Every structure is written in C-alpha cells, then in structure tokens.
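Input: a single structure, listed below in structure tokens.
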Amino acid sequence: TSWLSLVNVGFQPLYYSIRHEWYENFENGLNNWSSDDNWSVAQGYTGAYGLTEGPSGNYENYWKKYIQLKDSLYIADKDSFGIQFMVKLNLDTWNDYLSPQISVNGGLWYSVADLTGTGEWNPVKIPLSSYVENGDYIKFRFMFESYGSAEFEGAVIDELKINGVENKWASLSQTRDTIAAGDTSSVEIIFTVGQLTAGIHTQNLIIESNDPLTS
C-alpha cells in the first residue's frame, strides 16, 4: 500500500479526478508479451527500444504474425477507452499491414486500424469506446501481415498507452474528490500482485483538476 496526498494551496475549492493509463515503452524488453514468432526490439522513439515485427533487416513475404499482451485489462471507464502510440512505418503500401487488435471477454479479435505505407515517427490515436462496456476485460495485440509483393524494413512501435483501463493490481481508494482551500485529500493505492505474470509492469495515474496550472 502507498498513499497519494493532494493539497489545495489555493483559495478556492479544488476538484480532481484520477484515471488509469496502461503504459509500455519497451525499455525492459518483451517480458510482458507473448508472440507466435520472432518479434524483437529496435531503436525507439524516446528511448533505446521500440517494438518491431522481426530481427534486423527486411521482413519476408507472406508473413502473418502477432504479439499479444499477456495480461487482460479491465475496462474501468469505457468513455475514455482507447489506444495511442508512436509508429515508424516502412511497409509496402496497401499490400502489407500492421494492425492493432482487441478481443473483448475472450471473443473474436477485431482489427481497429490497418496501418500501411512509409513515413517517419507519427502518432496514432484510436478511440474504442464503442467496442466495450464498463466491467469488460480486453486482450490486446499487434498483427503484422505481408503479401508477397515486395520486402521492406518493417514497422517500429513505441510509447504505447491504453486509456480507460485498470490492470487490477493497482487500485485506488477513491478516484475523485473536492478539496477545500488549505485542506488535503489522501488516496490509498493498493497493490495486489498475485495474478500478475512475471515482468516489470507500468501504469500511469493521470490527475485532472480545475487547477488552471494542471487542467
């Protein structure tokens, strides 16, 4: 257990809310992921490593391979559920694809985007609230497919964030409150790690408030 204390040093009531953001920057390797083939790491966007579909060199024709997050994620706020990441593409346009996919409550896999073409680092942001309800569990993966027209360098993914979810290993005693001027609000962070897979797990807590310096 840890504690988070928020102090209102102003003269007006302070309203805040806290939401979870699952986060992966691949700096600790791929221990949190399982794949059906040889995914690897390459030079990332912000650090040393990002995720790539294969070892160094060009990908081969007729590849179809995925890498999947080992842990399921719990939908805590469906309205903010979505994914975002940085991606660098070098793919045969309209022939080869990188597709983020989700499965809800153990159901079929859905491609929520099909990325193709070439370009330097670009942000991808995909709202996904229409796929889920609060209380659902989702699985997440990337699928890579090539179709025999040409061979390119491939794709690199970094700074992956999934919003609106909890990993259930870090729960909060409260997620919103009003703090009177000069007062303090304390939030207990409770860690439950018994069902986690081995590895380093990262989750951001995003605090939003009516403080003009932070909102």
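Scheme for the structure tokens: letters A, B, ... for chains in order shown; per-chain residue numbers from 1; ligand numbers from 1 in order shown.
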
Contacts of A:Thr52 at 8 Å (only C-alpha atoms; same-chain gap of 6+ positions) as a PyMOL selection string: chain A and resi 39-42+154-157

If you run DSSP on the backbone, which residues of stretch 71-200 of chain A are helix (DSSP H, G or I), as an mmCIF file with C-alpha atoms, in the first residue's frame?
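So the final result, stored in states34.cif, reads:
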data_model
loop_
_atom_site.group_PDB
_atom_site.id
_atom_site.type_symbol
_atom_site.label_atom_id
_atom_site.label_comp_id
_atom_site.auth_asym_id
_atom_site.auth_seq_id
_atom_site.Cartn_x
_atom_site.Cartn_y
_atom_site.Cartn_z
ATOM 1 C CA LYS A 78 -15.413 2.905 -21.341
ATOM 2 C CA ASP A 79 -15.851 6.520 -22.464
ATOM 3 C CA SER A 80 -12.092 7.124 -22.314
ATOM 4 C CA SER A 129 -15.438 3.203 -26.514
ATOM 5 C CA SER A 130 -17.943 1.637 -28.947
ATOM 6 C CA TYR A 131 -16.358 -1.810 -28.518
#

Pairwise distance, atom CA of A:Ile179 with atom CA of A:Asn8, equals 6.3 Å

With stretch 208-211 of chain A as the partner and 10 Å as the cut-off, tabulate the residues of stretch 142-203 of chain A that qualify, each row holding the nearest pair of atoms and their distance in Å to one decimal, using only C-alpha atoms, sorted by chain and rising number, as a Markdown table.
| residue | atom | partner | partner_atom | distance |
| --- | --- | --- | --- | --- |
| A:Arg176 | CA | A:Glu208 | CA | 9.3 |
| A:Asp177 | CA | A:Ser209 | CA | 9.8 |
| A:Thr178 | CA | A:Ser209 | CA | 9.6 |

Next, the residues of the selection above should be written as an mmCIF file, in the first residue's frame with C-alpha atoms.
data_model
loop_
_atom_site.group_PDB
_atom_site.id
_atom_site.type_symbol
_atom_site.label_atom_id
_atom_site.label_comp_id
_atom_site.auth_asym_id
_atom_site.auth_seq_id
_atom_site.Cartn_x
_atom_site.Cartn_y
_atom_site.Cartn_z
ATOM 1 C CA ARG A 176 -12.400 11.917 -7.329
ATOM 2 C CA ASP A 177 -12.867 14.430 -4.540
ATOM 3 C CA THR A 178 -13.334 18.110 -3.684
#

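Of the listed residues (A:Thr184, A:Gln68, A:Ser111, A:Asn61), A:Asn61 comes nearest to A:Asp92; the distances count only C-alpha atoms.
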
Counting only C-alpha atoms, the option among A:Leu172, A:Ala48, A:Ala76, A:Leu160 closest to A:Pro100: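 Result for the nearest residue to A:Pro100: A:Leu160.
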
Please extract the residues of stretch 112-194 of chain A with a backbone DSSP assignment of strand (DSSP E or B) and present them as number ranges by chain. A: 115, 118-127, 137-145, 154-163, 165-166, 170-172, 176-179, 184-191

For A:Ser72: contacts at 8 Å, only C-alpha atoms, fewer than 2 positions along chain excluded, given as number ranges by chain: A: 69-70, 74, 137-140, 167

Choose the residue, out of A:Ile207, A:Gln43, A:Gly119, A:Asp158, that has the smallest atom-to-atom separation from A:Pro55; count only C-alpha atoms. A:Gln43
